[in-house]
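For reference, start01.txt (compact mmCIF, C-alpha atoms and all ligand atoms):
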```txt
# COMPACT_ATOMS: atom_id res chain seq x y z
CA MET M 5 69.93 73.40 97.15
CA SER M 6 70.58 73.73 100.88
CA ALA M 7 67.94 74.51 103.46
CA ASP M 8 69.68 77.85 104.00
CA GLN M 9 69.29 78.82 100.36
CA ASN M 10 65.64 78.10 100.79
CA ARG M 11 65.40 80.93 103.27
CA ILE M 12 67.32 83.66 101.49
CA GLN M 13 66.11 86.86 103.11
CA SER M 14 65.88 90.31 101.64
CA PRO M 15 68.02 92.87 103.50
CA HIS M 16 65.17 95.39 103.21
CA SER M 17 62.41 93.56 105.00
CA ALA M 18 61.28 90.37 106.60
CA ARG M 19 60.31 88.98 103.24
CA ARG M 20 62.40 86.56 101.19
CA ILE M 21 64.08 87.69 97.99
CA ILE M 22 62.36 88.64 94.76
CA VAL M 23 63.87 88.05 91.33
CA ALA M 24 62.22 90.20 88.65
CA ILE M 25 62.50 89.14 85.02
CA ASP M 26 61.20 91.49 82.37
CA GLY M 27 61.46 91.48 78.62
CA PRO M 28 59.57 91.09 75.35
CA ALA M 29 57.73 87.96 74.22
CA GLY M 30 59.89 85.06 73.12
CA ALA M 31 63.08 86.24 74.82
CA GLY M 32 63.03 83.10 76.97
CA LYS M 33 61.51 84.60 80.13
CA SER M 34 59.27 81.65 80.96
CA THR M 35 62.00 79.04 80.63
CA ILE M 36 64.55 81.12 82.48
CA ALA M 37 62.12 82.05 85.27
CA ARG M 38 61.09 78.41 85.67
CA GLU M 39 64.68 77.18 85.80
CA LEU M 40 65.79 79.93 88.19
CA ALA M 41 62.87 79.10 90.45
CA ARG M 42 63.92 75.43 90.47
CA HIS M 43 67.56 76.25 91.06
CA PHE M 44 66.98 78.64 93.96
CA ALA M 45 63.84 76.94 95.35
CA LEU M 46 61.63 79.94 94.67
CA LEU M 47 58.08 80.14 93.34
CA ASN M 48 57.69 81.09 89.70
CA LEU M 49 54.89 83.55 88.90
CA GLU M 50 54.06 84.41 85.27
CA THR M 51 52.24 87.73 85.25
CA GLY M 52 51.54 87.61 81.51
CA ALA M 53 49.21 84.69 82.23
CA MET M 54 47.11 87.00 84.42
CA TYR M 55 46.68 89.54 81.61
CA ARG M 56 45.87 86.65 79.31
CA ALA M 57 43.20 85.27 81.65
CA PHE M 58 41.61 88.70 81.94
CA ALA M 59 41.72 89.11 78.14
CA LEU M 60 39.98 85.75 77.78
CA LYS M 61 37.19 86.94 80.05
CA ALA M 62 36.85 90.20 78.06
CA LEU M 63 36.68 88.23 74.79
CA ARG M 64 34.06 85.89 76.20
CA ALA M 65 32.01 88.93 77.26
CA SER M 66 32.45 90.42 73.75
CA LEU M 67 33.74 93.65 75.26
CA ALA M 68 35.37 96.35 73.14
CA LEU M 69 39.07 95.87 73.87
CA ASP M 70 39.92 99.49 73.14
CA GLU M 71 37.57 100.99 75.72
CA SER M 72 38.72 101.28 79.27
CA SER M 73 35.39 101.67 81.08
CA GLY M 74 33.89 98.24 80.28
CA LEU M 75 37.18 96.54 81.06
CA VAL M 76 37.49 98.32 84.39
CA GLU M 77 33.95 97.25 85.35
CA LEU M 78 34.80 93.70 84.35
CA ALA M 79 37.99 93.78 86.42
CA ALA M 80 35.97 94.70 89.51
CA GLU M 81 34.14 91.40 89.29
CA THR M 82 37.06 89.19 88.32
CA SER M 83 39.32 87.00 90.40
CA ILE M 84 42.59 85.73 88.96
CA LEU M 85 44.91 83.39 90.78
CA LEU M 86 48.24 81.88 89.77
CA GLU M 87 49.27 78.56 91.22
CA PRO M 88 52.89 77.59 90.64
CA GLY M 89 53.23 74.31 88.71
CA GLU M 90 56.13 72.13 87.53
CA GLU M 91 56.18 73.40 83.93
CA GLU M 92 53.92 76.44 83.96
CA ASN M 93 51.56 78.26 86.28
CA ARG M 94 48.01 77.02 86.70
CA VAL M 95 45.75 79.98 86.02
CA LEU M 96 42.40 80.24 87.74
CA LEU M 97 39.92 82.72 86.32
CA ASP M 98 36.97 83.09 88.72
CA GLY M 99 37.83 79.61 89.95
CA GLU M 100 37.94 78.05 86.45
CA ASP M 101 41.22 76.51 85.32
CA VAL M 102 41.93 78.36 82.04
CA THR M 103 45.59 77.33 81.74
CA GLY M 104 45.03 75.57 78.42
CA LEU M 105 42.91 78.35 76.91
CA ILE M 106 45.15 81.41 77.07
CA ARG M 107 48.07 80.72 74.72
CA ASN M 108 46.31 81.04 71.36
CA PRO M 109 46.92 84.03 69.04
CA THR M 110 43.51 85.64 69.73
CA VAL M 111 44.04 85.76 73.49
CA THR M 112 47.70 86.77 73.00
CA GLU M 113 46.72 89.78 70.93
CA ALA M 114 43.86 90.67 73.30
CA ALA M 115 46.18 90.51 76.36
CA SER M 116 48.48 93.07 74.81
CA ARG M 117 45.50 95.33 74.07
CA VAL M 118 43.78 95.21 77.47
CA SER M 119 47.10 95.76 79.25
CA VAL M 120 47.52 99.32 77.96
CA PHE M 121 44.85 100.75 80.30
CA PRO M 122 46.18 102.32 83.53
CA LYS M 123 43.21 101.20 85.67
CA VAL M 124 43.48 97.63 84.44
CA ARG M 125 47.21 97.74 85.17
CA ALA M 126 46.73 99.23 88.63
CA TRP M 127 44.35 96.41 89.52
CA MET M 128 46.68 93.78 88.11
CA VAL M 129 49.75 95.27 89.82
CA GLY M 130 47.87 95.14 93.15
CA LEU M 131 47.10 91.45 92.64
CA GLN M 132 50.71 90.74 91.72
CA GLN M 133 52.06 92.61 94.73
CA GLN M 134 49.79 90.51 96.97
CA LEU M 135 50.97 87.30 95.31
CA GLY M 136 54.62 88.21 95.82
CA ALA M 137 54.30 89.98 99.18
CA LYS M 138 56.17 87.32 101.13
CA GLY M 139 58.96 87.13 98.54
CA GLY M 140 60.59 83.86 97.67
CA VAL M 141 59.52 84.35 94.07
CA VAL M 142 60.77 84.74 90.55
CA MET M 143 58.20 86.98 88.92
CA GLU M 144 58.28 87.54 85.18
CA GLY M 145 56.50 90.08 83.02
CA ARG M 146 57.04 93.52 81.52
CA ASP M 147 57.01 95.89 84.50
CA ILE M 148 58.07 93.77 87.47
CA GLY M 149 61.39 95.53 88.11
CA THR M 150 60.06 98.99 87.27
CA VAL M 151 56.58 99.02 88.85
CA VAL M 152 55.43 95.85 90.62
CA PHE M 153 58.55 95.24 92.72
CA PRO M 154 60.93 98.17 92.22
CA HIS M 155 62.88 96.95 95.29
CA ALA M 156 63.40 93.44 93.92
CA GLU M 157 66.86 92.20 94.94
CA VAL M 158 67.63 90.93 91.44
CA LYS M 159 66.34 92.39 88.18
CA ILE M 160 67.08 90.85 84.82
CA PHE M 161 65.99 92.38 81.53
CA LEU M 162 65.96 89.64 78.95
CA ASP M 163 66.02 90.49 75.26
CA ALA M 164 66.68 88.84 71.89
CA ALA M 165 66.37 89.75 68.21
CA PRO M 166 62.76 89.54 66.93
CA GLU M 167 63.58 86.80 64.38
CA VAL M 168 65.05 84.58 67.09
CA ARG M 169 62.12 85.24 69.40
CA GLY M 170 59.69 84.45 66.58
CA GLN M 171 61.41 81.14 65.85
CA ARG M 172 61.29 80.18 69.55
CA ARG M 173 57.62 81.07 69.78
CA TYR M 174 56.95 78.98 66.66
CA GLU M 175 58.64 75.96 68.23
CA GLN M 176 56.81 76.50 71.52
CA LEU M 177 53.42 76.68 69.77
CA GLY M 178 54.35 73.57 67.75
CA GLN M 179 54.98 71.70 71.01
CA LEU M 180 51.61 72.78 72.39
CA ASP M 181 49.99 71.65 69.15
CA ARG M 182 51.61 68.22 69.42
CA LYS M 183 50.36 67.95 73.00
CA GLY M 184 46.89 68.77 71.71
CA SER M 185 46.57 71.98 73.74
CA ALA M 186 46.72 74.48 70.86
CA ALA M 187 46.02 74.85 67.15
CA PRO M 188 48.90 74.37 64.66
CA PRO M 189 51.18 77.44 64.76
CA PRO M 190 51.04 80.09 62.03
CA PRO M 191 54.19 80.35 59.84
CA PRO M 192 57.26 81.90 61.56
CA GLU M 193 57.06 85.10 59.43
CA GLU M 194 53.54 85.71 60.70
CA ILE M 195 54.65 85.12 64.28
CA VAL M 196 57.53 87.61 63.87
CA ARG M 197 55.13 90.18 62.42
CA ASP M 198 52.74 89.75 65.37
CA LEU M 199 55.63 89.89 67.84
CA ARG M 200 56.83 93.17 66.38
CA ALA M 201 53.31 94.63 66.62
CA ARG M 202 53.02 93.46 70.23
CA ASP M 203 56.51 94.79 71.08
CA GLN M 204 55.54 98.12 69.59
CA ARG M 205 52.43 98.31 71.79
CA ASP M 206 54.11 96.96 74.94
CA ARG M 207 57.11 99.29 74.61
CA ASN M 208 55.19 102.42 73.68
CA ARG M 209 52.15 102.40 75.90
CA ALA M 210 51.96 105.47 78.13
CA ASP M 211 51.58 103.53 81.39
CA SER M 212 54.43 101.24 82.51
CA PRO M 213 55.93 100.60 79.07
CA LEU M 214 58.26 97.64 78.69
CA LYS M 215 61.74 98.98 79.44
CA PRO M 216 64.72 97.90 81.51
CA ALA M 217 64.79 99.16 85.09
CA ALA M 218 67.83 101.40 85.65
CA ASP M 219 69.30 98.81 88.02
CA SER M 220 68.54 95.74 85.91
CA VAL M 221 71.14 93.48 84.36
CA LEU M 222 70.68 93.12 80.62
CA LEU M 223 70.79 89.58 79.25
CA ASP M 224 70.63 89.26 75.47
CA SER M 225 69.79 85.68 74.53
CA THR M 226 69.98 86.17 70.73
CA ASN M 227 73.11 84.07 70.33
CA LEU M 228 72.58 81.79 73.30
CA THR M 229 70.77 78.50 73.56
CA LEU M 230 68.12 78.56 76.27
CA GLU M 231 70.41 76.37 78.40
CA GLN M 232 73.22 78.93 78.06
CA ALA M 233 70.81 81.77 78.86
CA VAL M 234 69.64 79.91 81.98
CA ALA M 235 73.26 79.44 83.06
CA GLU M 236 73.91 83.17 82.57
CA ALA M 237 70.82 84.05 84.58
CA VAL M 238 71.90 81.74 87.45
CA LYS M 239 75.28 83.51 87.41
CA ILE M 240 73.61 86.93 87.55
CA VAL M 241 71.45 85.93 90.52
CA ASN M 242 74.43 84.45 92.38
CA GLU M 243 76.52 87.57 91.71
CA LYS M 244 73.75 89.92 92.86
CA LEU M 245 73.06 87.91 96.00
CA GLY M 246 76.78 87.61 96.66
CA ALA M 247 77.30 91.36 96.28
CA ALA M 248 74.47 91.99 98.75
CA GLY M 249 75.92 89.48 101.19
CA LEU M 250 73.00 87.15 100.64
CA SER M 251 74.67 84.19 99.00
CA CYS M 252 75.09 80.94 100.86
O1 LIG M 301 54.31 87.45 78.81
P1 LIG M 301 53.07 87.22 77.95
O2 LIG M 301 53.38 87.09 76.50
O3 LIG M 301 52.27 86.08 78.45
O4 LIG M 301 52.18 88.56 78.13
C1 LIG M 301 50.97 88.78 77.45
C2 LIG M 301 50.69 90.27 77.37
O5 LIG M 301 50.43 90.75 78.69
C3 LIG M 301 51.83 91.13 76.85
O6 LIG M 301 51.70 91.39 75.47
C4 LIG M 301 51.75 92.41 77.63
C5 LIG M 301 50.98 92.05 78.86
N1 LIG M 301 51.79 92.06 80.08
C6 LIG M 301 52.01 93.27 80.68
O7 LIG M 301 51.58 94.30 80.16
N2 LIG M 301 52.66 93.34 81.86
C7 LIG M 301 53.14 92.23 82.43
N3 LIG M 301 53.79 92.31 83.61
C8 LIG M 301 52.98 90.97 81.81
C9 LIG M 301 52.31 90.92 80.60
```

Translate this structure into structure tokens?
Amino acid sequence: MSADQNRIQSPHSARRIIVAIDGPAGAGKSTIARELARHFALLNLETGAMYRAFALKALRASLALDESSGLVELAAETSILLEPGEEENRVLLDGEDVTGLIRNPTVTEAASRVSVFPKVRAWMVGLQQQLGAKGGVVMEGRDIGTVVFPHAEVKIFLDAAPEVRGQRRYEQLGQLDRKGSAAPPPPPEEIVRDLRARDQRDRNRADSPLKPAADSVLLDSTNLTLEQAVAEAVKIVNEKLGAAGLSC
């Protein structure tokens, strides 16, 4: 990584470049975003962790997750910060480090439910736009290329077959379990069932559904190892930057 690469500028503004990565759960977004960030010396911001932190707060407050008004009131008194880390983002909810508390199935399900409400999304999108305002980031989520940063220089839509995503999620949860930061994972079939339900909700919600931006590059990781998918993603970023005259 040269010092010049460190300062890749967007042609549209004074900010540095933004790489948007969207896609369903288990497609490999986190790994690919983390590795791209390392490769291009960018910050990696995981927006799903923000929805998860907010869902945790809603669960702790025993709020009804299918009613917008209580959630919107809660959002008004909530601060969520992401701090880039080596492996994953550190997530601060009202100043409390909740990084280790937001990956369990209850919070996962709740995050998908609270994220359907337009006012919750508008608040979250505002926070994410502030976090990425200077650029120099890889931001991953569901609506980064379509809503949060529609002018991102590089947009990748990452997908994979549900069974493959379920198996990856199972292995990821197993690793967390072994590290002592999560309960043992449910069986893979149960994970696939939950993934499909979450996909259904994420893809069909009225506001900012999960879908590829028209100018995104599709990367299907079904038949790729994560290493191969990372290599493909690096190629896509280099090609996009090269085509825009931004490569070094
Ligand atoms: O990426 P993740 O699995 O951590 O995301 C958790 C939930 O948050 C996901 O089911 C939908 C929601 N989400 C969203 O609606 N928009 C984003 N940009 C990121 C996540």

Using all atoms listed in the file, find each protein or nucleic acid residue lying at most 6 Å from ligand LIG 301 (chain M); present the set as an mmCIF file with C-alpha atoms, in the coordinates of the input.
```
data_model
loop_
_atom_site.group_PDB
_atom_site.id
_atom_site.type_symbol
_atom_site.label_atom_id
_atom_site.label_comp_id
_atom_site.auth_asym_id
_atom_site.auth_seq_id
_atom_site.Cartn_x
_atom_site.Cartn_y
_atom_site.Cartn_z
ATOM 1 C CA ALA M 29 57.730 87.960 74.220
ATOM 2 C CA THR M 51 52.240 87.730 85.250
ATOM 3 C CA GLY M 52 51.540 87.610 81.510
ATOM 4 C CA ALA M 53 49.210 84.690 82.230
ATOM 5 C CA TYR M 55 46.680 89.540 81.610
ATOM 6 C CA ARG M 56 45.870 86.650 79.310
ATOM 7 C CA THR M 112 47.700 86.770 73.000
ATOM 8 C CA ALA M 115 46.180 90.510 76.360
ATOM 9 C CA SER M 116 48.480 93.070 74.810
ATOM 10 C CA SER M 119 47.100 95.760 79.250
ATOM 11 C CA GLY M 145 56.500 90.080 83.020
ATOM 12 C CA ARG M 146 57.040 93.520 81.520
ATOM 13 C CA ASP M 147 57.010 95.890 84.500
ATOM 14 C CA ILE M 148 58.070 93.770 87.470
ATOM 15 C CA ARG M 202 53.020 93.460 70.230
ATOM 16 C CA ASP M 206 54.110 96.960 74.940
#
```

- Task: Could you tell me which of M:Val241, M:Val111, M:Asp98, M:Val142 comes closest to Glu81 (chain M) if we count all atoms listed in the file?
- Result: M:Asp98

- With distances taken over all atoms listed in the file, which of M:Val95, M:Leu85, M:Ala18, M:Val76 is nearest to Phe121 (chain M)?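 When distances to Phe121 (chain M) are compared using all atoms listed in the file, the smallest one comes from M:Val76.
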
- Separation of CA of Gln133 (chain M) from CA of Phe153 (chain M), in Å and rounded to one decimal: 7.3 Å

- Item | Closest of M:Ala210, M:Ala59, M:Leu49, M:Val238 to Val158 (chain M) - atom-to-atom distances counting all atoms listed in the file |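 Of M:Ala210, M:Ala59, M:Leu49, M:Val238, the one nearest Val158 (chain M) is M:Val238, counting all atoms listed in the file.
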
- Near-His43 (chain M) list (12 Å; only C-alpha atoms; drop same-chain fewer than 3 positions) as a list in words: Met5, Ser6, Gln9, Asn10, Ile36, Ala37, Arg38, Glu39, Leu40, Leu46, Leu47, Asn48, Val141, Val142, Val234, Ala235, Ala237, Val238, Lys239, Val241 and Asn242 of chain M

Hey, can you spit out that residue selection with C-alpha atoms as a PDB file, in the coordinates of the input?
```
ATOM      1  CA  MET M   5      69.930  73.400  97.150  1.00  0.00           C
ATOM      2  CA  SER M   6      70.580  73.730 100.880  1.00  0.00           C
ATOM      3  CA  GLN M   9      69.290  78.820 100.360  1.00  0.00           C
ATOM      4  CA  ASN M  10      65.640  78.100 100.790  1.00  0.00           C
ATOM      5  CA  ILE M  36      64.550  81.120  82.480  1.00  0.00           C
ATOM      6  CA  ALA M  37      62.120  82.050  85.270  1.00  0.00           C
ATOM      7  CA  ARG M  38      61.090  78.410  85.670  1.00  0.00           C
ATOM      8  CA  GLU M  39      64.680  77.180  85.800  1.00  0.00           C
ATOM      9  CA  LEU M  40      65.790  79.930  88.190  1.00  0.00           C
ATOM     10  CA  LEU M  46      61.630  79.940  94.670  1.00  0.00           C
ATOM     11  CA  LEU M  47      58.080  80.140  93.340  1.00  0.00           C
ATOM     12  CA  ASN M  48      57.690  81.090  89.700  1.00  0.00           C
ATOM     13  CA  VAL M 141      59.520  84.350  94.070  1.00  0.00           C
ATOM     14  CA  VAL M 142      60.770  84.740  90.550  1.00  0.00           C
ATOM     15  CA  VAL M 234      69.640  79.910  81.980  1.00  0.00           C
ATOM     16  CA  ALA M 235      73.260  79.440  83.060  1.00  0.00           C
ATOM     17  CA  ALA M 237      70.820  84.050  84.580  1.00  0.00           C
ATOM     18  CA  VAL M 238      71.900  81.740  87.450  1.00  0.00           C
ATOM     19  CA  LYS M 239      75.280  83.510  87.410  1.00  0.00           C
ATOM     20  CA  VAL M 241      71.450  85.930  90.520  1.00  0.00           C
ATOM     21  CA  ASN M 242      74.430  84.450  92.380  1.00  0.00           C
TER      22      ASN M 242
END
```

- Item | Which residue of M:Ser212, M:Ser34, M:Arg207, M:Ile195 approaches Val129 (chain M) most closely, using all atoms listed in the file |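 Among M:Ser212, M:Ser34, M:Arg207, M:Ile195, it is M:Ser212 that comes nearest to Val129 (chain M).
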
- Message: Can you measure CA of Gly130 (chain M) to CA of Pro154 (chain M) for me? One decimal in Å is fine.
- Response: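 Calculated distance between CA of Gly130 (chain M) and CA of Pro154 (chain M) is 13.4 Å.
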
- Query: For the atom pair CA of Val168 (chain M) and CA of Asn108 (chain M), what is the interatomic distance in Å to one decimal place?
  - Reply: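 Calculated distance between CA of Val168 (chain M) and CA of Asn108 (chain M) is 19.5 Å.
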
For region 170-186 of chain M, I'd like the enclosing box, axis-aligned and padded by 5 Å on every side, reported as AutoDock Vina command-line options with centre and edge lengths in Å to one decimal.
```
--center_x 54.0 --center_y 76.2 --center_z 69.8 --size_x 24.8 --size_y 26.5 --size_z 17.9
```

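A distance cut-off of 10 Å around (52.8, 86.7, 61.8), counting all atoms listed in the file, selects these protein and nucleic acid residues: Pro109, Gly170, Pro189, Pro190, Pro191, Pro192, Glu193, Glu194, Ile195, Val196, Arg197, Asp198, Leu199, Arg200 and Ala201 of chain M.
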
- Message: Show me, as a VMD selection string, the residues that have an atom within 7 Å of region 218-230 of chain M when counting all atoms listed in the file, minus same-chain residues fewer than 5 positions from it.
- Response: chain M and resid 31 to 32 159 to 165 168

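Ranking M:Arg205, M:Arg42, M:Arg107, M:Arg125 by their shortest atom-to-atom distance to Pro188 (chain M), with only C-alpha atoms included, puts M:Arg107 first.
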
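Minimum atom-to-atom distances from M:Ala114, M:Val152, M:Ile25, M:Leu96 to Ser66 (chain M) were compared using all atoms listed in the file, and the lowest value belongs to M:Ala114.
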
- Task: Starting from the point (37.2, 88.4, 85.8), work out which residues of protein, DNA or RNA have an atom no more than 7 Å away when counting only C-alpha atoms; state them as an MDAnalysis selection string.
- Result: chainID M and resid 58 61 78:79 81:84 97:98

Taking N, CA, C and O atoms as the atom set, what does region 168-194 of chain M look like once completed, written as a PDB file, in the coordinates of the input?
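So the final result, stored in selection_36.pdb, reads:
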```
ATOM      1  N   VAL M 168      64.731  85.705  66.199  1.00  0.00           N
ATOM      2  CA  VAL M 168      65.050  84.580  67.090  1.00  0.00           C
ATOM      3  C   VAL M 168      63.871  84.334  68.029  1.00  0.00           C
ATOM      4  O   VAL M 168      63.468  83.187  68.269  1.00  0.00           O
ATOM      5  N   ARG M 169      63.281  85.394  68.503  1.00  0.00           N
ATOM      6  CA  ARG M 169      62.120  85.240  69.400  1.00  0.00           C
ATOM      7  C   ARG M 169      60.956  84.592  68.656  1.00  0.00           C
ATOM      8  O   ARG M 169      60.252  83.739  69.185  1.00  0.00           O
ATOM      9  N   GLY M 170      60.778  85.002  67.391  1.00  0.00           N
ATOM     10  CA  GLY M 170      59.690  84.450  66.580  1.00  0.00           C
ATOM     11  C   GLY M 170      59.882  82.953  66.367  1.00  0.00           C
ATOM     12  O   GLY M 170      58.936  82.168  66.473  1.00  0.00           O
ATOM     13  N   GLN M 171      61.116  82.569  66.075  1.00  0.00           N
ATOM     14  CA  GLN M 171      61.410  81.140  65.850  1.00  0.00           C
ATOM     15  C   GLN M 171      61.145  80.340  67.124  1.00  0.00           C
ATOM     16  O   GLN M 171      60.536  79.266  67.068  1.00  0.00           O
ATOM     17  N   ARG M 172      61.527  80.898  68.277  1.00  0.00           N
ATOM     18  CA  ARG M 172      61.290  80.180  69.550  1.00  0.00           C
ATOM     19  C   ARG M 172      59.794  80.040  69.813  1.00  0.00           C
ATOM     20  O   ARG M 172      59.324  78.987  70.241  1.00  0.00           O
ATOM     21  N   ARG M 173      59.072  81.119  69.550  1.00  0.00           N
ATOM     22  CA  ARG M 173      57.620  81.070  69.780  1.00  0.00           C
ATOM     23  C   ARG M 173      56.969  80.019  68.871  1.00  0.00           C
ATOM     24  O   ARG M 173      56.089  79.278  69.284  1.00  0.00           O
ATOM     25  N   TYR M 174      57.473  79.959  67.629  1.00  0.00           N
ATOM     26  CA  TYR M 174      56.950  78.980  66.660  1.00  0.00           C
ATOM     27  C   TYR M 174      57.152  77.563  67.197  1.00  0.00           C
ATOM     28  O   TYR M 174      56.239  76.732  67.170  1.00  0.00           O
ATOM     29  N   GLU M 175      58.352  77.306  67.712  1.00  0.00           N
ATOM     30  CA  GLU M 175      58.640  75.960  68.230  1.00  0.00           C
ATOM     31  C   GLU M 175      57.791  75.658  69.470  1.00  0.00           C
ATOM     32  O   GLU M 175      57.275  74.558  69.630  1.00  0.00           O
ATOM     33  N   GLN M 176      57.621  76.683  70.306  1.00  0.00           N
ATOM     34  CA  GLN M 176      56.810  76.500  71.520  1.00  0.00           C
ATOM     35  C   GLN M 176      55.350  76.182  71.161  1.00  0.00           C
ATOM     36  O   GLN M 176      54.749  75.267  71.708  1.00  0.00           O
ATOM     37  N   LEU M 177      54.809  76.924  70.183  1.00  0.00           N
ATOM     38  CA  LEU M 177      53.420  76.680  69.770  1.00  0.00           C
ATOM     39  C   LEU M 177      53.298  75.308  69.118  1.00  0.00           C
ATOM     40  O   LEU M 177      52.299  74.611  69.285  1.00  0.00           O
ATOM     41  N   GLY M 178      54.337  74.895  68.372  1.00  0.00           N
ATOM     42  CA  GLY M 178      54.350  73.570  67.750  1.00  0.00           C
ATOM     43  C   GLY M 178      54.282  72.482  68.809  1.00  0.00           C
ATOM     44  O   GLY M 178      53.564  71.489  68.647  1.00  0.00           O
ATOM     45  N   GLN M 179      55.008  72.688  69.916  1.00  0.00           N
ATOM     46  CA  GLN M 179      54.980  71.700  71.010  1.00  0.00           C
ATOM     47  C   GLN M 179      53.591  71.600  71.615  1.00  0.00           C
ATOM     48  O   GLN M 179      53.080  70.521  71.894  1.00  0.00           O
ATOM     49  N   LEU M 180      52.966  72.775  71.820  1.00  0.00           N
ATOM     50  CA  LEU M 180      51.610  72.780  72.390  1.00  0.00           C
ATOM     51  C   LEU M 180      50.651  72.045  71.455  1.00  0.00           C
ATOM     52  O   LEU M 180      49.787  71.285  71.876  1.00  0.00           O
ATOM     53  N   ASP M 181      50.835  72.297  70.156  1.00  0.00           N
ATOM     54  CA  ASP M 181      49.990  71.650  69.150  1.00  0.00           C
ATOM     55  C   ASP M 181      50.121  70.131  69.249  1.00  0.00           C
ATOM     56  O   ASP M 181      49.129  69.395  69.275  1.00  0.00           O
ATOM     57  N   ARG M 182      51.376  69.678  69.357  1.00  0.00           N
ATOM     58  CA  ARG M 182      51.610  68.220  69.420  1.00  0.00           C
ATOM     59  C   ARG M 182      51.009  67.627  70.691  1.00  0.00           C
ATOM     60  O   ARG M 182      50.588  66.495  70.719  1.00  0.00           O
ATOM     61  N   LYS M 183      50.977  68.437  71.753  1.00  0.00           N
ATOM     62  CA  LYS M 183      50.360  67.950  73.000  1.00  0.00           C
ATOM     63  C   LYS M 183      48.842  68.024  72.939  1.00  0.00           C
ATOM     64  O   LYS M 183      48.146  67.638  73.866  1.00  0.00           O
ATOM     65  N   GLY M 184      48.336  68.661  71.877  1.00  0.00           N
ATOM     66  CA  GLY M 184      46.890  68.770  71.710  1.00  0.00           C
ATOM     67  C   GLY M 184      46.287  69.949  72.462  1.00  0.00           C
ATOM     68  O   GLY M 184      45.072  70.062  72.576  1.00  0.00           O
ATOM     69  N   SER M 185      47.140  70.872  72.982  1.00  0.00           N
ATOM     70  CA  SER M 185      46.570  71.980  73.740  1.00  0.00           C
ATOM     71  C   SER M 185      46.570  73.307  72.978  1.00  0.00           C
ATOM     72  O   SER M 185      46.374  74.363  73.551  1.00  0.00           O
ATOM     73  N   ALA M 186      46.826  73.250  71.662  1.00  0.00           N
ATOM     74  CA  ALA M 186      46.720  74.480  70.860  1.00  0.00           C
ATOM     75  C   ALA M 186      46.578  74.095  69.395  1.00  0.00           C
ATOM     76  O   ALA M 186      46.844  72.954  69.001  1.00  0.00           O
ATOM     77  N   ALA M 187      46.144  75.076  68.593  1.00  0.00           N
ATOM     78  CA  ALA M 187      46.020  74.850  67.150  1.00  0.00           C
ATOM     79  C   ALA M 187      47.424  74.835  66.541  1.00  0.00           C
ATOM     80  O   ALA M 187      48.366  75.307  67.175  1.00  0.00           O
ATOM     81  N   PRO M 188      47.591  74.310  65.306  1.00  0.00           N
ATOM     82  CA  PRO M 188      48.900  74.370  64.660  1.00  0.00           C
ATOM     83  C   PRO M 188      49.384  75.825  64.582  1.00  0.00           C
ATOM     84  O   PRO M 188      48.566  76.733  64.391  1.00  0.00           O
ATOM     85  N   PRO M 189      50.695  76.055  64.744  1.00  0.00           N
ATOM     86  CA  PRO M 189      51.180  77.440  64.760  1.00  0.00           C
ATOM     87  C   PRO M 189      51.114  78.074  63.376  1.00  0.00           C
ATOM     88  O   PRO M 189      51.262  77.369  62.375  1.00  0.00           O
ATOM     89  N   PRO M 190      50.934  79.397  63.315  1.00  0.00           N
ATOM     90  CA  PRO M 190      51.040  80.090  62.030  1.00  0.00           C
ATOM     91  C   PRO M 190      52.503  80.053  61.575  1.00  0.00           C
ATOM     92  O   PRO M 190      53.385  79.733  62.380  1.00  0.00           O
ATOM     93  N   PRO M 191      52.789  80.386  60.297  1.00  0.00           N
ATOM     94  CA  PRO M 191      54.190  80.350  59.840  1.00  0.00           C
ATOM     95  C   PRO M 191      55.050  81.347  60.647  1.00  0.00           C
ATOM     96  O   PRO M 191      54.528  82.350  61.137  1.00  0.00           O
ATOM     97  N   PRO M 192      56.376  81.045  60.752  1.00  0.00           N
ATOM     98  CA  PRO M 192      57.260  81.900  61.560  1.00  0.00           C
ATOM     99  C   PRO M 192      57.193  83.384  61.176  1.00  0.00           C
ATOM    100  O   PRO M 192      57.222  84.255  62.042  1.00  0.00           O
ATOM    101  N   GLU M 193      57.076  83.676  59.848  1.00  0.00           N
ATOM    102  CA  GLU M 193      57.060  85.100  59.430  1.00  0.00           C
ATOM    103  C   GLU M 193      55.867  85.812  60.056  1.00  0.00           C
ATOM    104  O   GLU M 193      55.947  86.981  60.450  1.00  0.00           O
ATOM    105  N   GLU M 194      54.744  85.080  60.133  1.00  0.00           N
ATOM    106  CA  GLU M 194      53.540  85.710  60.700  1.00  0.00           C
ATOM    107  C   GLU M 194      53.734  85.942  62.203  1.00  0.00           C
ATOM    108  O   GLU M 194      53.331  86.966  62.746  1.00  0.00           O
TER     109      GLU M 194
END
```
